[in-house]
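Novice: Just passing along the structure, written as structure tokens.
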4 protein chains.
Amino acid sequence: MSPRVRVGVVGAGAMGSAHVRTITDSVPQGLVTTVFDLDADRAAAVAHPVGATVAGSAEEVVLSDEVDAVLVASPDFTHAELVRACLKAQKPVLCEKPLALSAAEARSVVEAEVTLGRRLVQVGFMRRYDPAFADLQRAVADGRLGDVRLVHAVHRNVSSTTSTDDAGLVTGSMVHELDVIPWLLNDQVRAVRVESPVTTGFRDPQQATVWTRGGVMATVEVFVNAAYGYDVQCEVVGTRGTAALGPVRSLASRIAGVEGRPLGGDFVEHFADAYRIELSAWIRACYAGEPPSGPSAWDGYLANLAAEAGVRSLASGLREDVDPGARPRLYDGS
Amino acid sequence: MSPRVRVGVVGAGAMGSAHVRTITDSVPQGLVTTVFDLDADRAAAVAHPVGATVAGSAEEVVLSDEVDAVLVASPDFTHAELVRACLKAQKPVLCEKPLALSAAEARSVVEAEVTLGRRLVQVGFMRRYDPAFADLQRAVADGRLGDVRLVHAVHRNVSSTTSTDDAGLVTGSMVHELDVIPWLLNDQVRAVRVESPVTTGFRDPQQATVWTRGGVMATVEVFVNAAYGYDVQCEVVGTRGTAALGPVRSLASRIAGVEGRPLGGDFVEHFADAYRIELSAWIRACYAGEPPSGPSAWDGYLANLAAEAGVRSLASGLREDVDPGARPRLYDGS
Amino acid sequence: MSPRVRVGVVGAGAMGSAHVRTITDSVPQGLVTTVFDLDADRAAAVAHPVGATVAGSAEEVVLSDEVDAVLVASPDFTHAELVRACLKAQKPVLCEKPLALSAAEARSVVEAEVTLGRRLVQVGFMRRYDPAFADLQRAVADGRLGDVRLVHAVHRNVSSTTSTDDAGLVTGSMVHELDVIPWLLNDQVRAVRVESPVTTGFRDPQQATVWTRGGVMATVEVFVNAAYGYDVQCEVVGTRGTAALGPVRSLASRIAGVEGRPLGGDFVEHFADAYRIELSAWIRACYAGEPPSGPSAWDGYLANLAAEAGVRSLASGLREDVDPGARPRLYDGS
Amino acid sequence: MSPRVRVGVVGAGAMGSAHVRTITDSVPQGLVTTVFDLDADRAAAVAHPVGATVAGSAEEVVLSDEVDAVLVASPDFTHAELVRACLKAQKPVLCEKPLALSAAEARSVVEAEVTLGRRLVQVGFMRRYDPAFADLQRAVADGRLGDVRLVHAVHRNVSSTTSTDDAGLVTGSMVHELDVIPWLLNDQVRAVRVESPVTTGFRDPQQATVWTRGGVMATVEVFVNAAYGYDVQCEVVGTRGTAALGPVRSLASRIAGVEGRPLGGDFVEHFADAYRIELSAWIRACYAGEPPSGPSAWDGYLANLAAEAGVRSLASGLREDVDPGARPRLYDGS
């Protein structure tokens with residue numbers, strides 16, 4: 001392997017271009033060498049300032065001799081196929097969430113990786129790398145809260161151009177909570193129920209309940225048109241106390257009768273540290289030739305599965321079970 | 001009517017004695033003249049320091065010529081009968097929550113008052129008088145939040161000696177949220193679902209969902225053995241923004257690596273202002289010969305009804321409807 | 001003494017009328033019986049709703065057989081003379097701050113009281129009764145902060161119609177800090193220095209440094225035209241930690257990109273609890289025939305003395321000593 | 001210049017080793033090629049994991065053909081000479097604060113740079129790169145606070161092994177405020193006064209007042225043995241409102257009667273982002289062959305000068321003027 005991990009990027013939209021910038025500015029072990037986007041101009045606009053080339057196809061990125069690892073930030077429907085191609089090429093891949101459009105498709109990725117017998121896939125659930133969520137995870141893990149009984153999560157956007165229908169809200173936005181809550185608790189999702197106070201048109205906000213196998217109930221509000229700002233909250237309630245994400249560092253002002261702090265505008269800004277730490281950890285694992293330490297293909301499959309239960313629940317009005325089957329040994333200890 | 005409203009008190013336990021103290025110290029228009037408690041020593045201990053007499057029975061309090069208005073703070077099972085006795089004696093009565101042990105019994109109180117044709121009953125849902133809840137109610141009412149979609153309420157005690165079983169938690173503790181949420185929204189409870197992550201023994205905490213006729217969903221956590229402190233939170237989420245109870249005024253310290261604020265120990269301390277304002281408003285209405293401005297017998301009945309739906313839901317696992325029937329005209333505008 | 005303390009009020013302006021309202025609404029042991037104001041219409045507007053009479057002069061209030069205790073809320077220049085008249089009439093008096101226009105005049109009040117040999121005077125430094133300041137005082141007293149080294153105080157108004165010149169800002173506004181800081185520390189002011197970043201016209205804000213005999217330095221900002229809101233902050237810094245006034249309870253909203261809490265408009269609103277508790281404590285002491293538990297004439301004299309040092313310092317640019325002489329025995333333990 | 005800026009590091013103590021780690025982990029445009037420390041083992045422990053060599057002397061680092069830019073993190077007394085050596089070698093240098101032990105010595109560095117006619121020196125006042133301070137600076141610059149009148153700064157350490165005497169506290173700790181306050185205000189220090197409530201032994205805490213040429217007064221508390229935690233606060237007070245550093249993001253817990261957030265342990269942790277951004281900006285400027293955008297030699301000289309005024313003030317008890325003379329044209333616009 002070269003002195004740096006040469007990263008090929010598929011997808012030069014908002015997420016892909018931000019990742020290229022972050023790797024170039026903040027991850028010395030990585031080097032973006034080639035970029036593909038269906039819009040070749042956009043690919044060039046992202047690739048050229050960092051000295052990368054523009055690839056002619058996603059396949060070319062995956063197979064290129066100049067690419068040690070692949071970052072998939074293309075439209076969701078392309079994810080599973082691209083990840084399978086990376087597995088076939090035996091290259092590490094960081095795939096933006098979701099891993100696949102359906103749990104069945106995600107399962108096929110898992111099976112491809114299990115067949116390969118080697119973990120190469122990481123899914124881009126960046127919250128696990130957010131310092132605030134990491135602090136919260138430690139507070140749960142070290143026992144200071146006693147036994148956890150409840151989690152209360154809130155996830156609000158100013159508005160969303162991607163989560164624009166009932167199912168899309170679950171699979172595109174709530175999926176973050178469906179991944180991060182079991183991770184926080186070192187537990188698994190057992191069942192999901194999704195409801196909404198809105199009964200006609202786009203059902204936004206949605207209010208979900210998540211049950212874990214370990215006996216915890218979580219309430220999850222996702223509101224993608226909350227208008228006022230980007231806001232992510234999470235409180236874990238145990239038998240000895242609670243812990244929650246603290247306030248985001250920001251200017252405290254006192255003007256015109258209000259003591260206030262600005263609320264950030266979107267997730268790219270809010271989770272900038274998380275993305276940077278995620279990319280750094282992923283590239284270092286690639287560099288070291290180690291399996292990724294972040295969310296695995298199995299985690300991606302579980303999130304897809306829980307999201308599908310959520311979508312079913314929106315229709316049925318019932319609590320829907322999540323049954324992933326037995327976890328392949330490949331994912332032990334991950 | 002005498003220059004002060006002469007108040008007779010039934011029940012000299014924690015709540016009754018606190019009310020006697022509050023009236024005596026802070027409500028000039030009121031005068032506690034007589035106190036009854038099954039434990040005569042306790043009655044004397046409460047009555048004598050304030051110059052009141054000890055009554056021989058609850059009935060004696062209600063019927064006394066020295067009593068203009070009655071405060072009922074005796075055990076819950078006595079409430080409905082005592083309130084009906086006050087109605088018969090045509091005396092204003094402030095009855096600690098709950099108004100009755102069952103919705104049917106509460107309904108009988110409503111009917112007695114409707115038959116009388118004059119509103120004399122106020123139920124002791126003191127949160128409506130809490131300055132923080134009052135601020136929140138105004139924020140909802142003035143439209144600054146847009147259309148309300150969700151409410152998130154949390155209600156935690158260090159431990160409880162009164163809410164000690166599944167149903168008792170609903171009827172004794174959660175009943176506060178079942179009253180205050182529709183009041184906040186100027187709305188009515190349409191259905192209730194109560195669940196718990198705890199499946200054996202005393203199911204504490206309980207996590208409820210409340211649907212209103214106006215189309216709002218509320219999540220309500222009640223945790224009566226939360227260990228760490230007394231904590232009441234409430235956030236209202238609208239299409240333009242959210243508003244929540246602010247932090248309780250308390251010392252901000254920085255000691256031993258922690259920036260902290262003390263959490264109060266119980267509801268008597270937390271809601272001291274609310275109780276004082278409640279008693280003052282009630283006694284002033286008595287003084288003026290006006291109907292009470294606080295929660296009516298009808299409100300007490302609605303809270304009983306919603307709590308019963310909650311208890312049913314705990315057993316059924318289902319969402320249970322709340323159907324109060326038509327509101328008698330007596331309660332129009334109340 | 002009658003069953004209630006009959007209070008005569010001199011001065012029916014903003015402060016006097018608020019006190020009359022507070023006594024009437026919240027202090028059962030008190031009864032406002034007569035009110036004087038140079039503006040007889042204003043006096044009537046305050047007196048009549050509470051059943052009090054209008055007096056023809058301040059002297060008439062002090063001497064009236066219907067007055068057990070006097071509340072002085074008239075213009076500052078009348079304070080000392082009125083308090084001396086009360087002492088002569090041997091009636092308890094609560095005098096709004098300042099006790100006098102000058103330390104010399106305040107000293108004459110002290111001497112009159114010492115000659116009388118009985119403490120009848122309380123000065124209206126209401127902050128000592130504020131629950132937040134009381135919590136802070138306890139945190140200092142119980143030693144949890146270690147040895148106190150510094151205090152940082154901030155005192156801001158939207159604008160002021162009473163503190164409108166350099167000296168007035170010290171004597172009218174900063175005088176609160178000059179009283180409350182030594183009280184917090186159970187200490188005495190040794191020297192004061194007052195400076196301002198503004199060097200022409202009205203020097204507002206002013207930044208003071210206060211040295212105590214116990215070896216603490218306090219920084220005090222007073223800004224009477226701070227525009228944005230009424231704001232009182234105080235942090236005590238010790239060798240083990242710090243404690244500060246916590247946030248004032250108020251609605252927490254998230255609207256239009258800002259997480260904010262409203263800041264109150266003025267001291268009447270901010271210190272409403274403090275005034276109520278002050279009046280209640282004062283009237284109860286009167287009722288019991290006990291000396292007042294609040295700030296004494298000696299404390300009022302010390303505040304005048306410290307304020308005068310502050311005014312001198314504004315002119316001299318130097319630290320100015322405060323030397324009150326020996327404290328008369330009458331004030332031992334007060 | 002090579003594809004990366006090859007950085008030679010002088011000093012492998014806590015600060016130097018942290019910088020080596022940060023460059024290696026987070027600054028792709030930089031590469032640490034050689035490290036010198038008087039303790040050769042320590043140098044090796046820092047150099048070898050990142051593939052750098054150990055130099056035999058500081059001079060060797062400065063003159064090495066393998067070094068494009070020098071990072072000086074050696075003991076304070078070596079700073080000025082090393083920076084002059086870098087100027088002689090015409091290499092960019094980032095020198096940890098202070099630039100020199102005395103203002104005279106710092107001035108000699110300025111003169112050497114002026115003679116060279118090209119800006120190569122940046123001083124390590126990292127706070128200017130802290131996102132929170134940057135937000136605060138923007139709030140001042142955009143006028144939303146009106147005209148600034150006051151600044152209140154607090155700077156507390158758990159304990160300090162480096163600021164251990166009166167002068168050292170000023171030159172080692174307070175020097176951060178003496179740099180950051182004029183930067184925040186785009187203003188200059190005109191005079192400084194430093195006092196302490198402690199009059200015997202090590203005078204800690206110290207309370208300073210800083211006057212700027214633009215007419216602002218700043219109060220500055222520095223307490224290097226504050227015991228409870230690392231704490232940096234700063235509030236800017238203007239005629240329309242105030243702005244302050246917001247709360248540091250950290251876990252919000254509710255345990256054992258306290259709602260609390262942990263306070264970080266030291267500046268390396270607290271300012272980790274600031275150091276990373278500082279190093280990134282410095283190395284990018286080196287890479288581009290541009291003058292550094294951070295604090296210049298002139299800024300370092302001004303901070304030394306203000307600190308010297310502070311030390312004089314501690315002895316004199318007076319306000320001491322700061323007179324830097326005319327700024328050389330080289331620093332125009334910096």
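Identifiers for the structure tokens are assigned positionally: chains receive A, B, ... in sequence, residues are indexed from 1 per chain, and ligands are indexed from 1 in the order shown.
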Extract, using only C-alpha atoms, all DNA, RNA and protein residues at most 10 Å from A:Ala285, discarding same-chain residues fewer than 5 positions from it, and format them as an MDAnalysis selection string.
Specialist: chainID A and resid 5 92 279:280 290:294
Novice: Emit the selected residues as a PDB file, in the first residue's frame, including C-alpha atoms.
Specialist:
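So the final result, stored in out.pdb, reads:
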ATOM      1  CA  VAL A   5      -4.529   5.581   1.553  1.00  0.00           C
ATOM      2  CA  PRO A  92     -12.425  -1.187   1.982  1.00  0.00           C
ATOM      3  CA  LEU A 279     -13.084   9.762   8.135  1.00  0.00           C
ATOM      4  CA  SER A 280      -9.870   9.838  10.121  1.00  0.00           C
ATOM      5  CA  GLU A 290      -7.483  -3.513   9.864  1.00  0.00           C
ATOM      6  CA  PRO A 291     -11.222  -4.018   9.698  1.00  0.00           C
ATOM      7  CA  PRO A 292     -13.168  -0.814  10.193  1.00  0.00           C
ATOM      8  CA  SER A 293     -14.021   0.085  13.797  1.00  0.00           C
ATOM      9  CA  GLY A 294     -17.258   1.836  12.882  1.00  0.00           C
TER      10      GLY A 294
END
Novice: Taking only C-alpha atoms into account, report as a count of residues only which residues of chain A lie within 9 Å of chain B.
Specialist: 25
Novice: When DSSP works through the backbone of this structure, what residues of stretch 31-264 of chain A end up as strand (DSSP E), shown as a short mmCIF file (atom, residue, chain, number, x, y, z; two decimals) with C-alpha atoms, in the first residue's frame?
Specialist:
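Output contents, as saved in out-v4.cif:
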data_model
loop_
_atom_site.label_atom_id
_atom_site.label_comp_id
_atom_site.auth_asym_id
_atom_site.auth_seq_id
_atom_site.Cartn_x
_atom_site.Cartn_y
_atom_site.Cartn_z
CA LEU A 31 -5.43 11.21 -0.38
CA VAL A 32 -8.37 11.61 -2.71
CA THR A 33 -7.16 10.42 -6.06
CA THR A 34 -10.25 10.13 -8.19
CA VAL A 35 -13.86 11.27 -8.15
CA PHE A 36 -16.87 10.17 -10.13
CA THR A 53 -8.73 12.97 -11.45
CA VAL A 54 -12.26 12.58 -12.72
CA ALA A 69 -10.37 2.48 -0.59
CA VAL A 70 -13.73 3.70 -1.81
CA LEU A 71 -16.06 6.29 -0.38
CA VAL A 72 -19.63 5.91 -1.57
CA VAL A 93 -15.51 0.94 1.51
CA LEU A 94 -17.18 3.63 3.58
CA CYS A 95 -20.77 3.83 2.40
CA VAL A 121 -17.56 -2.38 4.85
CA GLN A 122 -18.29 0.59 7.11
CA VAL A 123 -21.61 2.43 7.04
CA VAL A 148 -31.28 2.14 31.75
CA ARG A 149 -35.05 2.23 31.41
CA LEU A 150 -35.81 4.90 28.84
CA VAL A 151 -34.24 6.99 26.10
CA HIS A 152 -35.76 10.18 24.76
CA ALA A 153 -34.47 11.32 21.37
CA VAL A 154 -35.36 14.35 19.29
CA HIS A 155 -34.19 15.00 15.74
CA ARG A 156 -35.33 18.15 13.99
CA VAL A 189 -33.82 -3.16 18.47
CA ARG A 190 -36.63 -5.59 19.09
CA ALA A 191 -39.63 -3.67 17.83
CA VAL A 192 -40.59 -0.31 16.44
CA ARG A 193 -43.77 1.70 16.30
CA VAL A 194 -44.09 4.92 14.34
CA GLU A 195 -47.02 7.28 14.67
CA GLN A 206 -43.30 11.34 13.39
CA GLN A 207 -43.14 10.00 16.91
CA ALA A 208 -41.62 6.56 17.27
CA THR A 209 -41.26 4.11 20.10
CA VAL A 210 -38.37 1.69 20.00
CA TRP A 211 -38.14 -1.40 22.19
CA THR A 212 -34.81 -3.07 22.72
CA MET A 217 -38.10 1.81 25.66
CA ALA A 218 -37.03 4.78 23.57
CA THR A 219 -39.18 7.63 22.36
CA VAL A 220 -38.02 9.25 19.14
CA GLU A 221 -39.35 12.42 17.61
CA VAL A 222 -38.27 13.20 14.07
CA PHE A 223 -39.52 16.47 12.63
CA ASP A 231 -31.62 20.22 16.74
CA VAL A 232 -30.55 16.83 17.99
CA GLN A 233 -31.30 15.84 21.57
CA CYS A 234 -30.92 12.59 23.43
CA GLU A 235 -31.47 11.75 27.09
CA VAL A 236 -30.84 8.37 28.66
CA VAL A 237 -32.82 7.65 31.83
CA GLY A 238 -31.56 5.10 34.32
CA GLY A 241 -29.91 9.22 37.10
CA THR A 242 -29.97 10.56 33.59
CA ALA A 243 -27.46 11.81 31.06
CA ALA A 244 -28.08 13.82 27.93
CA ALA A 252 -24.34 33.31 24.47
CA SER A 253 -25.84 36.69 23.80
CA ARG A 254 -28.13 39.04 25.65
CA ILE A 255 -29.85 41.35 23.27
CA VAL A 258 -33.56 37.72 25.24
CA GLU A 259 -30.71 35.63 26.56
CA GLY A 260 -30.04 33.38 23.60
CA ARG A 261 -27.74 31.04 21.79
CA PRO A 262 -27.79 30.41 18.05
#
Novice: Write out as a list in words the residues lying within 8 Å of stretch 42-46 of chain D, counting only C-alpha atoms and excluding same-chain residues fewer than 3 positions away.
Specialist: Gly11, Ala12, Gly13, Ser17, Val20, Val35, Phe36, Asp37, Leu38, Asp39, Pro49, Val50, Thr53 and Val54 of chain D
Novice: Mind listing the alpha helix (DSSP H) residues of stretch 103-256 of chain B, per DSSP on the backbone, as number ranges by chain?
Specialist: B: 103-116, 131-141, 166-168, 175-185
Novice: Leaving out D:Ala80 and any residue of its chain fewer than 2 positions from it, which residues lie within 10 Å of it when counting only C-alpha atoms, given as a compact mmCIF listing (two decimals) with N, CA and C atoms, in the first residue's frame?
Specialist:
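Listed below is the output, out.txt:
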# COMPACT_ATOMS: atom_id res chain seq x y z
N VAL D 72 8.58 26.22 17.42
CA VAL D 72 9.36 26.40 18.65
C VAL D 72 8.47 26.16 19.86
N ASP D 76 10.75 28.87 27.56
CA ASP D 76 10.51 30.26 27.19
C ASP D 76 11.81 31.04 26.93
N PHE D 77 12.82 30.78 27.72
CA PHE D 77 14.03 31.61 27.61
C PHE D 77 14.76 31.42 26.28
N THR D 78 14.42 30.36 25.57
CA THR D 78 15.09 30.09 24.29
C THR D 78 14.34 30.69 23.10
N LEU D 82 15.83 31.58 19.15
CA LEU D 82 15.47 30.63 18.10
C LEU D 82 14.70 31.30 16.97
N VAL D 83 13.81 32.20 17.34
CA VAL D 83 13.03 32.88 16.30
C VAL D 83 13.95 33.74 15.44
N ARG D 84 14.91 34.39 16.09
CA ARG D 84 15.87 35.19 15.29
C ARG D 84 16.68 34.29 14.36
N ALA D 85 17.02 33.12 14.85
CA ALA D 85 17.77 32.18 13.99
C ALA D 85 16.92 31.77 12.78
N CYS D 86 15.63 31.58 13.02
CA CYS D 86 14.73 31.23 11.89
C CYS D 86 14.68 32.37 10.89
N CYS D 95 6.11 30.20 17.01
CA CYS D 95 6.73 30.18 18.33
C CYS D 95 5.66 30.17 19.40
N PRO D 98 5.47 32.80 25.43
CA PRO D 98 5.65 34.17 24.92
C PRO D 98 6.74 34.20 23.86
N LEU D 99 6.69 35.25 23.07
CA LEU D 99 7.71 35.39 22.02
C LEU D 99 9.08 35.55 22.65
N ALA D 100 9.12 36.21 23.82
CA ALA D 100 10.41 36.48 24.45
C ALA D 100 10.18 36.64 25.95
N LEU D 101 11.30 36.67 26.67
CA LEU D 101 11.16 36.84 28.13
C LEU D 101 10.88 38.29 28.50
N SER D 102 11.25 39.19 27.61
CA SER D 102 11.03 40.60 27.91
C SER D 102 10.55 41.30 26.65
N GLU D 105 13.46 42.17 24.42
CA GLU D 105 13.91 41.05 23.60
C GLU D 105 12.93 40.80 22.45
N ALA D 106 11.63 40.90 22.76
CA ALA D 106 10.62 40.73 21.71
C ALA D 106 10.80 41.81 20.64
N ARG D 107 11.11 43.00 21.12
CA ARG D 107 11.33 44.11 20.19
C ARG D 107 12.49 43.79 19.24
N SER D 108 13.50 43.14 19.77
CA SER D 108 14.66 42.81 18.91
C SER D 108 14.24 41.82 17.82
N VAL D 109 13.29 40.94 18.15
CA VAL D 109 12.78 40.02 17.14
C VAL D 109 12.01 40.80 16.07
N VAL D 110 11.19 41.71 16.53
CA VAL D 110 10.44 42.56 15.59
C VAL D 110 11.41 43.26 14.65
Novice: Please identify all polymer residues within 9 Å of stretch 179-182 of chain D, counting only C-alpha atoms, omitting same-chain residues fewer than 2 positions from it, and present them as a ChimeraX atom specification.
Specialist: /D:125,127-128,133,151,153,174-177,184-189,210,212,218,295,299-300,302-303,306
Novice: When you count only C-alpha atoms, which of these residues is closest to D:Ala47: D:His270, D:Arg21, D:Arg249, D:Arg118?
Specialist: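 Closest residue, counting only C-alpha atoms: D:Arg21.
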Novice: Report as a list in words all protein, DNA and RNA residues lying within 9 Å of C:Pro324, evaluated on only C-alpha atoms, omitting residues in the same chain fewer than 3 positions from it.
Specialist: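 Skipping anything fewer than 3 positions along the chain leaves Tyr301, Leu302, Leu305 and Arg327 of chain C.
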Novice: How about saving the chosen residues, N, CA and C atoms kept, as a PDB file, in the first residue's frame?
Specialist:
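Below is the file that was written, result-v4.pdb:
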ATOM      1  N   TYR C 301     -26.353  53.059  57.153  1.00  0.00           N
ATOM      2  CA  TYR C 301     -25.257  54.025  57.283  1.00  0.00           C
ATOM      3  C   TYR C 301     -24.012  53.525  56.555  1.00  0.00           C
ATOM      4  N   LEU C 302     -23.695  52.229  56.725  1.00  0.00           N
ATOM      5  CA  LEU C 302     -22.521  51.665  56.048  1.00  0.00           C
ATOM      6  C   LEU C 302     -22.662  51.768  54.525  1.00  0.00           C
ATOM      7  N   LEU C 305     -22.046  55.261  53.510  1.00  0.00           N
ATOM      8  CA  LEU C 305     -20.621  55.566  53.649  1.00  0.00           C
ATOM      9  C   LEU C 305     -19.835  54.990  52.461  1.00  0.00           C
ATOM     10  N   ARG C 327     -18.823  50.192  65.821  1.00  0.00           N
ATOM     11  CA  ARG C 327     -20.242  49.890  65.746  1.00  0.00           C
ATOM     12  C   ARG C 327     -20.861  49.935  67.140  1.00  0.00           C
TER      13      ARG C 327
END
Novice: Neighbouring residues of A:Phe271 were defined as those with any atom within 8 Å, considering only C-alpha atoms; residues of the same chain fewer than 3 positions away were excluded. Please report them as a list in words.
Specialist: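 Counting only the stated atoms, we get Met126, Arg127, Asp130, Phe267, Val268, Ala274 and Tyr275 of chain A.
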Novice: Go ahead and write the residues just picked, C-alpha atoms, as a PDB file, in the first residue's frame.
Specialist:
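Result file is out.pdb:
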ATOM      1  CA  MET A 126     -21.328   9.356  11.820  1.00  0.00           C
ATOM      2  CA  ARG A 127     -23.089  10.046  15.111  1.00  0.00           C
ATOM      3  CA  ASP A 130     -19.653  12.639  17.564  1.00  0.00           C
ATOM      4  CA  PHE A 267     -26.210  18.432  10.085  1.00  0.00           C
ATOM      5  CA  VAL A 268     -23.099  19.110   8.018  1.00  0.00           C
ATOM      6  CA  ALA A 274     -18.106  13.701  13.822  1.00  0.00           C
ATOM      7  CA  TYR A 275     -17.484  13.465  10.057  1.00  0.00           C
TER       8      TYR A 275
END
